[in-house]
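K.L.:
Please see the structure below; I have some questions.
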Amino acid sequence: MVEFSLPKNSKVTNGIKHKPKEPSKSPKNLVIYRWDPEDNKNPRLDTYEIDQSKCGPMVLDALMKIKNEIDPSLTFRRSCREGVCGSCAMNIDGVNTLACLKSMSDVKKDIKIYPLPHMRVVKDLVPDLSKAYEQLASIKPWLERSKSETKKKEDKIEENKQTPKDREKLDGKWECVLCFCCTTSCPSYWWNGDEYLGPAVLLQAARWVNDSRDSERKKRLTAINDSLKLYRCHSIMNCTRSCPKGLNPAKEIAGLKKAIVTEL
Amino acid sequence: MEREEINNMTDNRPLSPHLSIHKRVLTAVFSIFHRISGIGLSVGSLLISIWFFLISSGPQFYVYFELISKNILFKLVLLIWTIGIFYHLFNGCRKLYWSFGIGMELSQVYRSGYVVLFLTIISTLGVWYFV
């Protein structure tokens with residue numbers, strides 16, 4: 001359902017300004033969305049001032065500095081700090097990205113940080129991704145081979161080899177780290193997230209549809225050929241714009257639509 | 001912690017802000033205007049048919065036709081309608097070739113967006129200059 005305004009319990013209020021203990025050489029303000037499930041209050045925006053001369057260059061460095069030195073209650077996901085794990089996805093300066101890949105110097109004014117848009121918030125910057133993971137599981141993100149395709153040689157199952165050319169077809173698809181920056185930037189997903197699979201999951205669908213070793217291409221295409229699951233994509237391109245890995249989900253979705261028309 | 005207490009916490013989870021905090025991406029603006037112009041054209045074509053219908057309804061209705069046609073507000077609506085028709089046409093072409101999987105790189109999408117905008121302005125000016 002299209003609902004432009006936020007529900008009553010989600011309206012964001014003004015929060016606390018955390019003053020630094022000592023004056024900073026090059027100050028930078030971070031305005032961060034806070035919500036604690038344990039107190040019955042609405043989300044709020046807290047402001048933290050950090051000294052950039054004593055902090056790493058990325059937004060994630062600043063978040064960790066705040067957690068370590070100013071406010072240990074600040075909650076966010078992070079792991080690899082180099083854009084491989086996809087944990088620290090959040091909305092920074094209006095665009096979804098990974099905090100570990102976003103340089104603080106890219107933002108001229110105060111850095112505004114929200115959780116991924118239009119998601120249920122578990123705490124602070126941690127969104128509930130269980131629905132998105134369910135949708136990912138629904139497209140069977142693993143290699144499927146029918147029995148007749150599996151070659152047997154003297155009772156031993158033979159290796160499935162792939163030519164470099166076939167392997168190339170997976171470029172731009174396998175690199176996805178499933179951070180769901182794209183999915184949660186998509187207005188179609190905001191309004192129809194219950195049924196529409198969203199760019200991240202459809203990109204994964206394309207990854208398995210185009211794998212030469214997979215024998216269920218037709219079955220996969222049939223499964224997603226649905227007015228809600230796939231065709232809520234209107235090429236708004238927010239997904240491609242926000243992908244921190246520089247991938248193009250919108251293009252891959254167009255490829256899926258084309259394959260359905262030409263092959264099914 | 002009590003089960004009930006946990007349920008209470010998860011049920012009350014707020015929805016994170018979306019439209020109000022997300023940056024206006026130009027490609028998304030192009031997309032929403034395609035839809036708005038589509039809706040506008042549907043309503044507009046109805047109004048325009050009424051306008052034409054007045055001419056065909058004979059001399060006693062021609063007075064109304066003239067009255068409406070000279071109205072500045074009507075001219076403004078007609079101008080917006082012209083912009084809408086050209087925008088929807090050119091952007092529709094763009095969407096059509098996207099269906100073939102062509103021109104979907106981000107830089108190309110931006111460029112074709114500007115081309116659509118340019119063509120819309122030129123065509124609208126052309127129509128209003130010559131007609």
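Naming scheme: A, B, ... for chains in displayed order of the structure tokens; residues 1 onward per chain; ligands 1 onward as shown.
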Taking only C-alpha atoms into account and nothing else, which residues of chain A lie no more than 8 Å away from chain B? Please answer as a PyMOL selection string.
P.N.:
chain A and resi 4+6-7+9-10+37-38+42-43+91+93-95+114-122+185+190+234-238+240-241+248+250-251+254-255+257-258
K.L.:
Put those residues in a file: C-alpha atoms, as an mmCIF file, in the first residue's frame.
P.N.:
data_model
loop_
_atom_site.group_PDB
_atom_site.id
_atom_site.type_symbol
_atom_site.label_atom_id
_atom_site.label_comp_id
_atom_site.auth_asym_id
_atom_site.auth_seq_id
_atom_site.Cartn_x
_atom_site.Cartn_y
_atom_site.Cartn_z
ATOM 1 C CA PHE A 4 3.553 8.522 2.059
ATOM 2 C CA LEU A 6 5.051 7.637 8.607
ATOM 3 C CA PRO A 7 2.882 5.856 11.199
ATOM 4 C CA ASN A 9 4.969 5.647 16.455
ATOM 5 C CA SER A 10 7.612 6.262 13.748
ATOM 6 C CA PRO A 37 12.935 -0.744 21.945
ATOM 7 C CA GLU A 38 13.155 -0.662 25.708
ATOM 8 C CA ASN A 42 9.368 7.727 19.302
ATOM 9 C CA PRO A 43 12.637 7.649 17.309
ATOM 10 C CA ASN A 91 21.148 5.825 4.585
ATOM 11 C CA ASP A 93 23.259 11.952 3.385
ATOM 12 C CA GLY A 94 20.051 10.754 1.706
ATOM 13 C CA VAL A 95 21.528 7.844 -0.240
ATOM 14 C CA TYR A 114 19.253 6.915 9.054
ATOM 15 C CA PRO A 115 18.621 3.175 8.931
ATOM 16 C CA LEU A 116 17.756 1.678 5.513
ATOM 17 C CA PRO A 117 14.476 3.336 4.427
ATOM 18 C CA HIS A 118 10.988 1.869 4.906
ATOM 19 C CA MET A 119 12.094 -1.019 7.112
ATOM 20 C CA ARG A 120 11.070 -2.043 10.601
ATOM 21 C CA VAL A 121 13.770 -0.861 12.998
ATOM 22 C CA VAL A 122 15.176 -3.338 15.522
ATOM 23 C CA SER A 185 16.050 2.668 -2.042
ATOM 24 C CA TRP A 190 8.520 0.761 -0.298
ATOM 25 C CA HIS A 234 9.458 0.612 -13.433
ATOM 26 C CA SER A 235 13.128 1.411 -14.100
ATOM 27 C CA ILE A 236 13.202 4.168 -11.509
ATOM 28 C CA MET A 237 16.968 3.459 -11.287
ATOM 29 C CA ASN A 238 17.326 4.336 -7.584
ATOM 30 C CA THR A 240 21.655 1.420 -9.599
ATOM 31 C CA ARG A 241 22.234 4.886 -8.219
ATOM 32 C CA ASN A 248 23.315 -2.289 -12.107
ATOM 33 C CA ALA A 250 17.864 -2.294 -13.039
ATOM 34 C CA LYS A 251 19.711 -3.503 -16.130
ATOM 35 C CA ALA A 254 15.461 -5.624 -17.778
ATOM 36 C CA GLY A 255 17.453 -8.669 -18.901
ATOM 37 C CA LYS A 257 12.040 -9.360 -18.497
ATOM 38 C CA LYS A 258 13.566 -9.742 -21.950
#
K.L.:
Find the spatial neighbours of B:Ile48, counting only C-alpha atoms, within a cut-off of 12 Å - ignore same-chain residues fewer than 3 positions away - and output them as a list in words.
P.N.:
Gly40, Leu41, Ser42, Val43, Gly44, Ser45, Trp51, Phe52, Phe53, Leu54, Ile55, Phe65, Ile68, Ser69, Phe74, Lys75, Val77, Leu78, Trp81 and Thr82 of chain B
K.L.:
Could you pull out the residues in chain B that DSSP calls alpha helix (DSSP H) from the backbone, as a PyMOL selection string?
P.N.:
chain B and resi 3-11+26-56+59-70+72-98+106-130
K.L.:
Of the candidates B:Phe86, B:Phe130, B:Phe61, B:Tyr97, which shows the shortest atom-to-atom distance to B:His34, using only C-alpha atoms?
P.N.:
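Ranked by minimum distance to B:His34, first place goes to B:Phe86.
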K.L.:
Work out how far apart atom CA of A:Pro20 and atom CA of A:Glu49 are and give it in Å to one decimal.
P.N.:
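Separation between atom CA of A:Pro20 and atom CA of A:Glu49: 6.1 Å.
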K.L.:
Neighbouring residues of stretch 66-69 of chain A were defined as those with any atom within 10 Å, considering only C-alpha atoms; residues of the same chain fewer than 4 positions away were excluded. Please report them as a list of chain:residue names.
P.N.:
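Near neighbours after the sequence-gap exclusion: A:Pro20, A:Lys21, A:Leu30, A:Tyr48, A:Glu49, A:Ile50, A:Cys55, A:Leu60, A:Asp61, A:Ala62, A:Ser73, A:Leu74, A:Thr75, A:Phe76.
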K.L.:
Those residues with N, CA and C atoms, as a PDB file, in the first residue's frame please?
P.N.:
ATOM      1  N   PRO A  20      31.257  17.616  22.767  1.00  0.00           N
ATOM      2  CA  PRO A  20      32.559  16.961  22.931  1.00  0.00           C
ATOM      3  C   PRO A  20      33.221  17.359  24.245  1.00  0.00           C
ATOM      4  N   LYS A  21      34.066  16.445  24.774  1.00  0.00           N
ATOM      5  CA  LYS A  21      34.710  16.720  26.071  1.00  0.00           C
ATOM      6  C   LYS A  21      35.723  17.860  25.940  1.00  0.00           C
ATOM      7  N   LEU A  30      27.602  14.634  13.330  1.00  0.00           N
ATOM      8  CA  LEU A  30      26.864  13.506  12.796  1.00  0.00           C
ATOM      9  C   LEU A  30      25.488  13.493  13.447  1.00  0.00           C
ATOM     10  N   TYR A  48      26.071  14.243  17.319  1.00  0.00           N
ATOM     11  CA  TYR A  48      27.370  13.987  17.938  1.00  0.00           C
ATOM     12  C   TYR A  48      28.418  14.813  17.208  1.00  0.00           C
ATOM     13  N   GLU A  49      29.280  15.481  17.981  1.00  0.00           N
ATOM     14  CA  GLU A  49      30.383  16.184  17.335  1.00  0.00           C
ATOM     15  C   GLU A  49      31.650  15.355  17.516  1.00  0.00           C
ATOM     16  N   ILE A  50      32.331  15.123  16.401  1.00  0.00           N
ATOM     17  CA  ILE A  50      33.596  14.385  16.505  1.00  0.00           C
ATOM     18  C   ILE A  50      34.727  15.228  15.919  1.00  0.00           C
ATOM     19  N   CYS A  55      40.212  10.938  13.827  1.00  0.00           N
ATOM     20  CA  CYS A  55      39.287   9.883  13.414  1.00  0.00           C
ATOM     21  C   CYS A  55      39.637   9.417  12.005  1.00  0.00           C
ATOM     22  N   LEU A  60      31.990   4.957   8.842  1.00  0.00           N
ATOM     23  CA  LEU A  60      32.030   3.857   9.822  1.00  0.00           C
ATOM     24  C   LEU A  60      33.057   4.123  10.919  1.00  0.00           C
ATOM     25  N   ASP A  61      34.203   4.723  10.536  1.00  0.00           N
ATOM     26  CA  ASP A  61      35.219   5.080  11.542  1.00  0.00           C
ATOM     27  C   ASP A  61      34.613   6.019  12.585  1.00  0.00           C
ATOM     28  N   ALA A  62      33.823   6.988  12.087  1.00  0.00           N
ATOM     29  CA  ALA A  62      33.206   7.953  12.998  1.00  0.00           C
ATOM     30  C   ALA A  62      32.194   7.268  13.907  1.00  0.00           C
ATOM     31  N   SER A  73      25.841   3.173  23.729  1.00  0.00           N
ATOM     32  CA  SER A  73      24.528   2.584  23.446  1.00  0.00           C
ATOM     33  C   SER A  73      24.173   2.648  21.953  1.00  0.00           C
ATOM     34  N   LEU A  74      24.941   3.398  21.175  1.00  0.00           N
ATOM     35  CA  LEU A  74      24.681   3.507  19.733  1.00  0.00           C
ATOM     36  C   LEU A  74      24.837   2.133  19.078  1.00  0.00           C
ATOM     37  N   THR A  75      23.783   1.723  18.335  1.00  0.00           N
ATOM     38  CA  THR A  75      23.768   0.357  17.786  1.00  0.00           C
ATOM     39  C   THR A  75      23.778   0.348  16.272  1.00  0.00           C
ATOM     40  N   PHE A  76      24.683  -0.401  15.683  1.00  0.00           N
ATOM     41  CA  PHE A  76      24.724  -0.564  14.229  1.00  0.00           C
ATOM     42  C   PHE A  76      25.426  -1.880  13.903  1.00  0.00           C
TER      43      PHE A  76
END
K.L.:
Kindly indicate which residue among A:Val126, A:Glu134, A:Ser79, A:Lys28 lies nearest to A:Asp110, using only C-alpha atoms for the distances.
P.N.:
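Of A:Val126, A:Glu134, A:Ser79, A:Lys28, the one nearest A:Asp110, counting only C-alpha atoms, is A:Lys28.
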K.L.:
So how far away is atom CA of A:Asn29 from atom CA of A:Pro57, in Å?
P.N.:
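Value for the atom CA of A:Pro57-atom CA of A:Asn29 distance: 13.9 Å.
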K.L.:
Nearest to B:Ile121 among B:Leu46, B:Ile83, B:Leu96, B:Ile72, with distances taken over only C-alpha atoms: which residue is it?
P.N.:
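Checking each of B:Leu46, B:Ile83, B:Leu96, B:Ile72 against B:Ile121, counting only C-alpha atoms, the winner is B:Ile83.
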K.L.:
Point out the residue among B:Gln60, B:Ser49, B:Thr120, B:Gln108 with the least atom-to-atom distance to B:His88, counting only C-alpha atoms.
P.N.:
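Using only C-alpha atoms, B:His88 sits closest to B:Thr120.
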K.L.:
How many Å separate atom CA of A:Asp166 from atom CA of A:Asn210?
P.N.:
8.5 Å
K.L.:
Name the closest residue to A:Tyr196 among the candidates A:Ile70, A:Leu230, A:Leu63, A:Cys181; distances are taken between atoms, counting only C-alpha atoms.
P.N.:
A:Leu230
K.L.:
In stretch 6-210 of chain A, what's strand (DSSP E or B) per DSSP? Answer as JSON, numbers by chain?
P.N.:
{"A": [13, 14, 15, 16, 17, 18, 27, 28, 29, 30, 31, 32, 33, 34, 44, 45, 46, 47, 48, 49, 50, 51, 58, 89, 90, 91, 92, 95, 96, 97, 98, 103, 111, 112, 113, 114, 120, 121, 122, 123, 126, 127, 152, 153, 156, 157]}
K.L.:
For the residues in the current selection, export C-alpha atoms as a CSV table (one decimal), in the first residue's frame.
P.N.:
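Heads up, here's the output in selection_14.csv:
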chain,number,residue,atom,x,y,z
A,13,THR,CA,11.6,13.8,17.1
A,14,ASN,CA,14.5,16.0,18.1
A,15,GLY,CA,17.1,14.3,20.3
A,16,ILE,CA,20.1,15.0,22.4
A,17,LYS,CA,23.1,17.1,21.4
A,18,HIS,CA,26.3,15.4,22.7
A,27,PRO,CA,34.8,19.3,14.1
A,28,LYS,CA,32.1,17.4,12.2
A,29,ASN,CA,28.6,16.8,13.3
A,30,LEU,CA,26.9,13.5,12.8
A,31,VAL,CA,23.1,13.5,13.1
A,32,ILE,CA,22.0,9.9,13.8
A,33,TYR,CA,18.6,8.2,14.0
A,34,ARG,CA,18.1,6.6,17.4
A,44,ARG,CA,14.8,10.7,17.7
A,45,LEU,CA,17.8,12.4,16.0
A,46,ASP,CA,20.9,12.7,18.2
A,47,THR,CA,23.8,15.0,17.2
A,48,TYR,CA,27.4,14.0,17.9
A,49,GLU,CA,30.4,16.2,17.3
A,50,ILE,CA,33.6,14.4,16.5
A,51,ASP,CA,37.1,15.6,15.8
A,58,MET,CA,35.1,6.9,6.6
A,89,ALA,CA,24.3,-0.6,5.0
A,90,MET,CA,22.5,2.6,6.0
A,91,ASN,CA,21.1,5.8,4.6
A,92,ILE,CA,23.9,8.4,4.7
A,95,VAL,CA,21.5,7.8,-0.2
A,96,ASN,CA,21.8,4.2,0.9
A,97,THR,CA,25.4,3.0,1.0
A,98,LEU,CA,27.9,1.2,3.1
A,103,SER,CA,34.0,9.0,3.0
A,111,ILE,CA,26.2,14.0,8.1
A,112,LYS,CA,22.7,12.7,8.5
A,113,ILE,CA,22.5,8.9,9.1
A,114,TYR,CA,19.3,6.9,9.1
A,120,ARG,CA,11.1,-2.0,10.6
A,121,VAL,CA,13.8,-0.9,13.0
A,122,VAL,CA,15.2,-3.3,15.5
A,123,LYS,CA,17.3,-0.7,17.2
A,126,VAL,CA,19.7,-1.9,12.6
A,127,PRO,CA,16.7,-2.7,10.3
A,152,LYS,CA,28.1,-39.9,-14.4
A,153,LYS,CA,31.3,-41.6,-15.3
A,156,LYS,CA,31.6,-40.9,-10.1
A,157,ILE,CA,29.8,-37.6,-10.6
K.L.:
Quick one: residues within 9 Å of B:Leu117, only C-alpha atoms, excluding same-chain residues fewer than 5 positions away - as a ChimeraX atom specification?
P.N.:
/B:87,90-91,112,122
K.L.:
Restricted to C-alpha atoms, what would the selected residues look like written as a tab-separated table (two decimals), in the first residue's frame?
P.N.:
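Result file part.tsv:
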chain	number	residue	atom	x	y	z
B	87	TYR	CA	6.97	14.22	-22.31
B	90	PHE	CA	9.42	10.75	-25.63
B	91	ASN	CA	9.85	9.14	-22.23
B	112	SER	CA	18.60	10.13	-22.43
B	122	ILE	CA	11.46	22.08	-28.35
